[in-house]
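Engineer: As input, take structure.cif (mmCIF, C-alpha atoms and all ligand atoms):
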data_model
#
loop_
_atom_site.label_atom_id
_atom_site.label_comp_id
_atom_site.auth_asym_id
_atom_site.auth_seq_id
_atom_site.Cartn_x
_atom_site.Cartn_y
_atom_site.Cartn_z
CA MET A 168 18.23 -8.01 -13.33
CA ALA A 169 16.97 -11.60 -13.16
CA ILE A 170 13.31 -12.34 -13.89
CA ARG A 171 11.43 -12.78 -10.62
CA PRO A 172 9.01 -15.72 -10.98
CA TYR A 173 6.66 -14.30 -8.32
CA ILE A 174 6.16 -10.98 -10.18
CA LEU A 175 3.47 -11.35 -12.84
CA ALA A 176 4.67 -8.36 -14.87
CA GLU A 177 8.12 -9.95 -15.26
CA THR A 178 7.37 -13.61 -15.74
CA ASN A 179 6.21 -15.26 -18.96
CA TRP A 180 3.89 -17.82 -20.51
CA LYS A 181 6.69 -20.40 -20.66
CA SER A 182 6.94 -20.30 -16.86
CA LEU A 183 3.23 -19.87 -16.22
CA LYS A 184 1.80 -22.45 -18.63
CA ASN A 185 1.93 -25.21 -16.05
CA ALA A 186 2.28 -23.09 -12.91
CA SER A 187 -0.14 -22.96 -10.02
CA PHE A 188 -0.25 -20.31 -7.34
CA GLU A 189 -1.89 -20.25 -3.93
CA LEU A 190 -2.04 -16.53 -3.32
CA ALA A 191 -2.36 -13.45 -5.54
CA VAL A 192 -1.28 -10.09 -4.13
CA LEU A 193 -2.50 -6.82 -5.61
CA PRO A 194 -0.57 -3.68 -4.58
CA TRP A 195 -2.77 -0.58 -4.68
CA GLY A 196 -1.31 2.91 -4.63
CA ALA A 197 -2.36 6.44 -5.53
CA THR A 198 -1.13 9.25 -7.74
CA GLU A 199 -1.05 12.42 -5.68
CA ALA A 200 1.05 15.30 -4.37
CA HIS A 201 3.35 14.30 -1.48
CA ASN A 202 4.52 17.53 0.15
CA TYR A 203 6.79 19.52 -2.20
CA HIS A 204 9.57 16.98 -2.36
CA LEU A 205 8.28 13.45 -2.99
CA PRO A 206 7.08 12.09 -6.35
CA TYR A 207 3.38 11.78 -7.21
CA ALA A 208 3.85 8.00 -7.48
CA THR A 209 5.19 7.67 -3.92
CA ASP A 210 2.41 5.27 -2.87
CA VAL A 211 2.84 3.32 -6.10
CA TYR A 212 6.60 2.82 -5.57
CA GLU A 213 6.08 1.89 -1.93
CA GLY A 214 3.36 -0.65 -2.75
CA GLU A 215 5.33 -2.15 -5.60
CA GLU A 216 8.64 -2.48 -3.77
CA LEU A 217 7.27 -3.60 -0.41
CA ALA A 218 4.96 -6.20 -1.97
CA ALA A 219 7.76 -7.57 -4.18
CA GLU A 220 10.23 -7.90 -1.32
CA ALA A 221 7.66 -9.50 0.98
CA ALA A 222 6.68 -11.96 -1.76
CA LYS A 223 10.36 -12.79 -2.24
CA HIS A 224 10.62 -13.85 1.42
CA ALA A 225 7.54 -16.06 1.05
CA TRP A 226 8.66 -17.49 -2.31
CA GLU A 227 12.11 -18.43 -1.01
CA GLN A 228 10.46 -20.46 1.74
CA GLY A 229 8.21 -22.31 -0.69
CA GLY A 230 5.18 -19.99 -0.73
CA LYS A 231 3.36 -20.01 -4.07
CA VAL A 232 2.65 -16.30 -4.31
CA ILE A 233 2.23 -14.06 -7.35
CA VAL A 234 2.27 -10.25 -7.20
CA LEU A 235 -0.01 -8.56 -9.74
CA PRO A 236 0.89 -5.20 -11.31
CA VAL A 237 0.21 -2.26 -9.00
CA ILE A 238 -2.97 -0.19 -9.50
CA PRO A 239 -1.61 3.36 -9.76
CA PHE A 240 -4.73 5.40 -8.86
CA GLY A 241 -6.50 5.51 -5.51
CA VAL A 242 -9.30 7.32 -3.72
CA ASN A 243 -8.43 11.03 -3.66
CA THR A 244 -11.90 12.50 -3.19
CA GLY A 245 -10.65 14.97 -0.57
CA GLN A 246 -8.07 16.46 -2.92
CA SER A 247 -10.15 17.45 -5.92
CA ASP A 248 -8.57 20.92 -5.97
CA ILE A 249 -4.97 19.67 -5.88
CA TYR A 250 -3.53 19.71 -9.37
CA LEU A 251 -3.40 16.28 -11.03
CA ASP A 252 -4.28 14.26 -7.96
CA ILE A 253 -6.10 11.52 -9.81
CA ASN A 254 -9.20 10.16 -8.09
CA LEU A 255 -10.63 6.67 -8.47
CA ASN A 256 -13.99 6.32 -6.74
CA PRO A 257 -14.61 3.39 -4.37
CA SER A 258 -17.32 2.15 -6.74
CA THR A 259 -14.68 1.98 -9.52
CA GLN A 260 -12.37 0.08 -7.19
CA PHE A 261 -15.18 -2.37 -6.57
CA ALA A 262 -15.61 -2.91 -10.32
CA ILE A 263 -11.85 -3.46 -10.81
CA LEU A 264 -11.64 -5.91 -7.91
CA SER A 265 -14.71 -7.72 -9.13
CA ASP A 266 -13.16 -8.27 -12.58
CA ILE A 267 -9.81 -9.41 -11.17
CA LEU A 268 -11.47 -11.79 -8.72
CA THR A 269 -13.60 -13.26 -11.51
CA VAL A 270 -10.37 -14.30 -13.27
CA LEU A 271 -8.66 -15.66 -10.15
CA ASN A 272 -11.75 -17.52 -8.98
CA ARG A 273 -12.27 -19.14 -12.38
CA GLN A 274 -8.64 -20.23 -12.49
CA GLY A 275 -8.60 -21.62 -8.97
CA ILE A 276 -6.42 -19.06 -7.16
CA ARG A 277 -8.60 -18.74 -4.10
CA LYS A 278 -6.48 -16.56 -1.81
CA PHE A 279 -6.26 -12.88 -2.53
CA MET A 280 -4.58 -10.04 -0.70
CA ILE A 281 -5.04 -6.37 -1.47
CA PHE A 282 -1.72 -4.77 -0.53
CA ASN A 283 -2.92 -1.30 0.33
CA SER A 284 -0.44 1.53 0.09
CA HIS A 285 -2.63 4.61 0.36
CA GLY A 286 -4.55 6.02 3.32
CA GLY A 287 -7.55 7.18 1.27
CA ASN A 288 -8.17 3.64 0.00
CA ASN A 289 -10.55 1.91 2.35
CA PHE A 290 -11.23 -1.62 1.25
CA LYS A 291 -13.11 -3.08 4.21
CA ALA A 292 -16.61 -2.39 2.94
CA LEU A 293 -15.61 -3.55 -0.56
CA VAL A 294 -14.13 -6.79 0.77
CA ARG A 295 -17.35 -7.53 2.66
CA GLU A 296 -19.39 -7.12 -0.51
CA LEU A 297 -16.88 -9.09 -2.64
CA GLY A 298 -16.94 -11.88 -0.07
CA LEU A 299 -20.63 -12.41 -0.74
CA LYS A 300 -20.04 -12.36 -4.47
CA PHE A 301 -17.09 -14.79 -4.36
CA PRO A 302 -17.89 -17.20 -1.51
CA GLU A 303 -15.14 -19.65 -2.50
CA MET A 304 -12.42 -17.07 -2.13
CA PHE A 305 -10.51 -15.79 0.87
CA ILE A 306 -10.03 -12.05 0.47
CA CYS A 307 -7.94 -9.90 2.81
CA VAL A 308 -6.36 -6.45 2.96
CA SER A 309 -2.92 -5.64 4.37
CA ASN A 310 -1.76 -2.25 5.50
CA TRP A 311 2.01 -2.02 5.75
CA THR A 312 1.94 1.28 7.63
CA LYS A 313 0.35 -0.57 10.55
CA VAL A 314 2.80 -3.49 10.82
CA PHE A 315 4.94 -1.74 13.45
CA GLU A 316 4.53 1.09 15.91
CA ARG A 317 5.73 4.13 14.02
CA ALA A 318 7.56 5.49 17.07
CA THR A 319 9.93 2.49 17.06
CA TYR A 320 11.50 3.84 13.89
CA PHE A 321 10.56 7.48 13.56
CA LYS A 322 10.65 10.57 15.73
CA GLU A 323 7.76 12.44 14.14
CA THR A 324 4.21 11.27 13.51
CA GLY A 325 1.96 12.14 10.57
CA ASP A 326 0.44 10.21 7.73
CA HIS A 327 1.39 11.80 4.45
CA ALA A 328 4.85 12.54 3.01
CA GLU A 329 6.10 12.60 6.59
CA GLU A 330 9.31 11.23 8.13
CA MET A 331 8.37 7.63 7.36
CA GLU A 332 7.47 8.10 3.70
CA THR A 333 10.38 10.43 3.09
CA SER A 334 12.79 7.90 4.65
CA LEU A 335 11.38 5.09 2.52
CA LEU A 336 11.69 7.10 -0.67
CA LEU A 337 15.23 8.17 0.22
CA TYR A 338 16.01 4.47 0.36
CA LEU A 339 13.92 3.24 -2.60
CA LYS A 340 14.07 6.13 -5.10
CA PRO A 341 16.73 8.61 -3.92
CA ASP A 342 16.94 10.28 -7.34
CA LEU A 343 13.27 11.25 -7.16
CA VAL A 344 13.45 13.08 -3.81
CA LEU A 345 14.11 16.82 -3.97
CA PRO A 346 16.99 18.22 -1.85
CA LYS A 347 16.22 18.82 1.81
CA LYS A 348 16.00 22.60 1.46
CA GLU A 349 12.86 22.05 -0.64
CA TRP A 350 11.03 19.95 1.95
CA GLY A 351 7.87 21.54 3.35
CA LYS A 352 7.20 21.37 7.09
CA GLY A 353 4.11 19.17 6.71
CA ASN A 354 2.20 21.25 9.27
CA ALA A 355 -1.41 20.12 9.45
CA LYS A 356 -4.50 21.67 11.00
CA SER A 357 -6.96 19.62 13.04
CA PHE A 358 -10.74 19.86 13.32
CA LYS A 359 -11.92 22.46 15.85
CA ILE A 360 -14.47 19.98 17.20
CA LYS A 361 -12.52 17.62 19.43
CA ALA A 362 -14.50 14.44 18.69
CA PHE A 363 -12.84 14.27 15.26
CA THR A 364 -9.34 14.37 16.73
CA GLU A 365 -10.32 11.82 19.36
CA GLY A 366 -11.33 9.55 16.52
CA TRP A 367 -14.90 8.65 17.43
CA VAL A 368 -16.45 10.82 14.75
CA TRP A 369 -14.99 10.75 11.27
CA ALA A 370 -15.22 13.09 8.31
CA GLU A 371 -13.00 13.41 5.27
CA ARG A 372 -10.35 16.09 5.53
CA LYS A 373 -10.39 18.84 2.90
CA TRP A 374 -6.73 18.46 2.15
CA SER A 375 -5.93 21.94 0.84
CA GLN A 376 -7.53 23.52 3.94
CA VAL A 377 -5.60 21.27 6.30
CA SER A 378 -2.09 21.43 4.84
CA GLU A 379 -0.24 24.12 2.94
CA ASP A 380 2.38 21.90 1.28
CA THR A 381 0.07 18.84 0.99
CA GLY A 382 2.21 17.02 3.58
CA ILE A 383 0.87 15.84 6.92
CA GLY A 384 3.75 15.28 9.31
CA ASN A 385 7.23 16.72 9.58
CA PRO A 386 9.78 15.01 7.29
CA THR A 387 12.87 16.78 8.75
CA PHE A 388 14.40 13.77 10.49
CA ALA A 389 14.00 11.38 7.57
CA THR A 390 17.09 9.41 6.51
CA LYS A 391 17.85 6.69 4.01
CA GLU A 392 19.09 4.44 6.85
CA LYS A 393 15.78 4.67 8.70
CA GLY A 394 13.97 3.89 5.46
CA GLU A 395 16.15 0.84 4.83
CA GLN A 396 15.68 -0.59 8.32
CA PHE A 397 11.92 -0.05 8.20
CA PHE A 398 11.68 -1.57 4.71
CA LYS A 399 13.58 -4.70 5.76
CA ASP A 400 11.59 -5.27 8.95
CA VAL A 401 8.20 -4.61 7.38
CA THR A 402 8.82 -6.85 4.36
CA ALA A 403 10.16 -9.70 6.53
CA LYS A 404 7.00 -9.66 8.60
CA LEU A 405 4.68 -9.29 5.61
CA GLY A 406 6.57 -12.08 3.85
CA GLU A 407 6.02 -14.35 6.83
CA MET A 408 2.32 -13.50 6.69
CA MET A 409 2.14 -14.29 2.96
CA LEU A 410 3.81 -17.64 3.59
CA HIS A 411 1.29 -18.50 6.32
CA LEU A 412 -1.51 -17.57 3.97
CA CYS A 413 -0.07 -19.70 1.14
CA LYS A 414 0.04 -22.70 3.46
CA ALA A 415 -3.31 -22.05 5.17
CA ASP A 416 -6.39 -24.16 4.61
CA ILE A 417 -9.11 -21.56 3.98
CA SER A 418 -11.81 -23.94 5.12
CA ASP A 419 -10.11 -24.21 8.51
CA LEU A 420 -8.96 -20.77 9.58
CA TYR A 421 -10.10 -20.53 13.20
CA GLU A 422 -9.03 -22.04 16.51
ZN ZN B 1 1.75 8.29 0.55
#
Show me this structure written as structure tokens.

Structural biologist:
Amino acid sequence: MAIRPYILAETNWKSLKNASFELAVLPWGATEAHNYHLPYATDVYEGEELAAEAAKHAWEQGGKVIVLPVIPFGVNTGQSDIYLDINLNPSTQFAILSDILTVLNRQGIRKFMIFNSHGGNNFKALVRELGLKFPEMFICVSNWTKVFERATYFKETGDHAEEMETSLLLYLKPDLVLPKKEWGKGNAKSFKIKAFTEGWVWAERKWSQVSEDTGIGNPTFATKEKGEQFFKDVTAKLGEMMLHLCKADISDLYE
């Protein structure tokens, strides 16, 4: 495999010595159970592969983008009783981001995108606080699960190890997906009080009380082909966005 110059983990000092980038992208995953059949690093693989492919689109059109190594642990506070779901608190995420931004800011890379790949990670509040701390930087968060209406690609809804994630993994890491007879149904319970389902009151879900197999959403109709189509469309659109951001003047963002 050829070295990709827009992937920090693969490139080298010879190439970087005199390089200059516009935009740094940080994929952020989680290490957690994904129904019975998907690997614990599902969100890590998704973040890594989607960010790399999107950056490739931008790079090929002249975008100076660099993808940083993926952060493998995310916020899993609601899954403390699920074996080896590794939790990183939001305050720890703030400390990590703060250190990374200190480096980028000092070295003049002023555009930064957190490439979020896990539902429990919620960066909005952190980005607000980091914005005050690093006023010269433009900091944003992308969420690839929201790029398209899910129903355009997938029959079933859900948000964890469901048809979408299973399709993606069948495409990206087929050897790591257990055979279909092992897939759990991903049945999930909802709050008895309706306001939570309607979305205007929020509380964290106690995962093990909500789902038996840790999945939320039925994976039955997942296929590799659906995963491939979704991957291509999502990365093309994210790549376009990265290119726009590379070219943007951060002192002149509004019209
Ligand atoms: Zn996931």

Engineer: Go ahead and fit an axis-aligned box to every listed atom of region 187-193 of chain A plus 4 Å each side, and pass me the centre and edge lengths in Å, one decimal, as lines of an AutoDock Vina configuration file.

Structural biologist:
center_x = -1.3
center_y = -14.9
center_z = -6.7
size_x = 10.4
size_y = 24.1
size_z = 14.7

Engineer: Please, which residues in chain A fall within 7 Å of ligand ZN 1 (chain B) when counting only C-alpha atoms and all ligand atoms, and what is the closest atom pair and distance in Å to one decimal for each, ordered by chain then residue number, as CSV?

Structural biologist:
residue,atom,partner,partner_atom,distance
A:His201,CA,B:ZN1,ZN,6.5
A:Thr209,CA,B:ZN1,ZN,5.7
A:Asp210,CA,B:ZN1,ZN,4.6
A:His285,CA,B:ZN1,ZN,5.7
A:His327,CA,B:ZN1,ZN,5.3
A:Ala328,CA,B:ZN1,ZN,5.8
A:Glu332,CA,B:ZN1,ZN,6.5

Engineer: Write a file of the just-selected residues containing C-alpha atoms, as a PDB file, keeping the file's coordinate frame.

Structural biologist:
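New file again.pdb:
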ATOM      1  CA  HIS A 201       3.350  14.300  -1.480  1.00  0.00           C
ATOM      2  CA  THR A 209       5.190   7.670  -3.920  1.00  0.00           C
ATOM      3  CA  ASP A 210       2.410   5.270  -2.870  1.00  0.00           C
ATOM      4  CA  HIS A 285      -2.630   4.610   0.360  1.00  0.00           C
ATOM      5  CA  HIS A 327       1.390  11.800   4.450  1.00  0.00           C
ATOM      6  CA  ALA A 328       4.850  12.540   3.010  1.00  0.00           C
ATOM      7  CA  GLU A 332       7.470   8.100   3.700  1.00  0.00           C
TER       8      GLU A 332
END

Engineer: Using all atoms listed in the file, pick whichever of A:Ala318, A:Ile170, A:Leu268, A:Met409 has the shortest atom-to-atom distance to Met331 (chain A).

Structural biologist: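 The answer is A:Ala318, which sits nearest to Met331 (chain A).
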
Engineer: Just the residues within 12 Å of Thr324 (chain A), please, counting all atoms listed in the file, with nothing from its chain fewer than 6 positions along; format it as a PyMOL selection string.

Structural biologist: chain A and resi 312+316-318+330-332+353-355+382-389

Engineer: Write a file of the just-selected residues containing C-alpha atoms, as a PDB file, keeping the file's coordinate frame.

Structural biologist:
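Saved the output as result.pdb:
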ATOM      1  CA  THR A 312       1.940   1.280   7.630  1.00  0.00           C
ATOM      2  CA  GLU A 316       4.530   1.090  15.910  1.00  0.00           C
ATOM      3  CA  ARG A 317       5.730   4.130  14.020  1.00  0.00           C
ATOM      4  CA  ALA A 318       7.560   5.490  17.070  1.00  0.00           C
ATOM      5  CA  GLU A 330       9.310  11.230   8.130  1.00  0.00           C
ATOM      6  CA  MET A 331       8.370   7.630   7.360  1.00  0.00           C
ATOM      7  CA  GLU A 332       7.470   8.100   3.700  1.00  0.00           C
ATOM      8  CA  GLY A 353       4.110  19.170   6.710  1.00  0.00           C
ATOM      9  CA  ASN A 354       2.200  21.250   9.270  1.00  0.00           C
ATOM     10  CA  ALA A 355      -1.410  20.120   9.450  1.00  0.00           C
ATOM     11  CA  GLY A 382       2.210  17.020   3.580  1.00  0.00           C
ATOM     12  CA  ILE A 383       0.870  15.840   6.920  1.00  0.00           C
ATOM     13  CA  GLY A 384       3.750  15.280   9.310  1.00  0.00           C
ATOM     14  CA  ASN A 385       7.230  16.720   9.580  1.00  0.00           C
ATOM     15  CA  PRO A 386       9.780  15.010   7.290  1.00  0.00           C
ATOM     16  CA  THR A 387      12.870  16.780   8.750  1.00  0.00           C
ATOM     17  CA  PHE A 388      14.400  13.770  10.490  1.00  0.00           C
ATOM     18  CA  ALA A 389      14.000  11.380   7.570  1.00  0.00           C
TER      19      ALA A 389
END

Engineer: So, with only C-alpha atoms as the atoms that count, which of A:Leu217, A:Leu190, A:Leu297, A:Leu205 lies closest to Ala403 (chain A)?

Structural biologist: A:Leu217
